[in-house]
Every structure is written in C-alpha cells, then in structure tokens.
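See below for the structure under consideration.
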Amino acid sequence: GDTILMETFGSGFCRFDNYQVQNIGHFTEQQCKDKCKVMPTCIASDISSLSGNTWKCQLYTGSGTNFRLQSGDAKCFKKRFSSMTALGNKGSGRCVVSGGAQIGWISNDATDDYCTQSCDASIDCVAAETRPGG
C-alpha cells in the first residue's frame with residue numbers, strides 16, 4: 001500500500017477555503033503529524049504554541065481548495081501519498097486525476113510529471129494515471 005507522508009508545507013497556520021480545524025491538545029511534532037496520518041479525513045495539521053517539549057496540535061479537514069499559509073508562529077504539514085513521488089516520465093498520453101472519484105481527463109499529450117503535479121495540486125487526489133493515445 002501507499003505510505004502516507006506529512007510534508008512540511010511551510011511556516012504559518014494551514015489554511016484553505018472553508019477549512020474545519022480541531023485543536024486536539026499538546027503533542028510533539030511527530031505525534032501531531034501521526035495523528036493526522038491515521039485520521040482518513042485529516043488533510044493537514046499544524047503546530048504552534050510550544051509548551052515545554054510539546055506543541056498545540058491542530059488537525060484540518062475539508063476540501064483543501066486554495067491551500068495556503070496564514071502568517072503566524074506555526075508550522076504547517078500537508079498529507080501526501082508516497083506513490084505520487086515514484087512516478088517517472090514515461091512519454092505522452094492523456095492523464096486522469098482521481099480523488100474519491102474520477103475527475104476526468106486533464107490534457108492530451110500530458111506527461112506523468114504533469115499528472116502528478118495536477119494530483120499534488122488537489123488535496124483530495126490519491127492517485128494519477130496516464131493512458132497512451134486517446
């Protein structure tokens with residue numbers, strides 16, 4: 001199966017359109033990332049307000065549309081599936097990006113790299129595939 005990664009998105013609070021956030025208490029950075037990893041609906045987490053050796057941990061759910069950072073003393077992590085990083089460029093064709101359902105063909109003559117980038121841009125995308133020709 002795919003390995004779920006929590007990649008550092010940047011410094012600041014995670015934000016996206018119509019986000020929902022849950023403060024789950026104080027944890028280490030790794031524990032906070034792990035809490036999001038095991039929660040299927042969690043798409044991002046952030047840490048802020050260091051207290052001793054633990055941080056305030058917030059988990060985010062929602063669409064992830066217009067994912068961005070809000071300035072603040074925090075660190076944002078975004079969920080990603082490792083299989084998306086393993087794709088290589090195998091030539092031209094069409095690509096479809098899928099999340100919970102097939103979204104549709106993106107482009108003629110799209111490369112695997114283009115498909116992967118399109119998938120990365122969609123927070124709920126879990127796979128991208130290419131098919132040669134039409």
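Ordering of the structure tokens sets the chain letters (A, B, ...); residue numbers start at 1 within each chain; ligands are numbered from 1 in the order shown.
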
Could you give me, as a tab-separated table, a per-residue list for region 31-54 of chain A showing, wherever an atom lies at most 9 Å from an atom of region 67-80 of chain A, the closest pair of atoms and their distance in Å to one decimal, using only C-alpha atoms and sorting by chain then residue number from low to high?
residue	atom	partner	partner_atom	distance
A:Lys33	CA	A:Phe77	CA	7.3
A:Cys36	CA	A:Lys79	CA	7.8
A:Lys37	CA	A:Lys79	CA	7.1
A:Cys42	CA	A:Lys79	CA	7.9
A:Ile43	CA	A:Lys79	CA	5.3
A:Ala44	CA	A:Lys78	CA	4.4
A:Ser45	CA	A:Phe77	CA	5.3
A:Asp46	CA	A:Cys76	CA	4.3
A:Ile47	CA	A:Lys75	CA	5.4
A:Ser48	CA	A:Ala74	CA	4.4
A:Ser49	CA	A:Ala74	CA	7.6

To one decimal place in Å, what is the distance between CA of Asn23 (chain A) and CA of Ser51 (chain A)?
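Computing it gives 14.6 Å between the two atoms.
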
Between CA of Phe16 (chain A) and CA of Gly52 (chain A) lies a distance of 29.5 Å

Quick one: residues within 8 Å of Val21 (chain A), only C-alpha atoms counted, chain neighbours fewer than 3 positions away excluded, as a count of residues only?
4
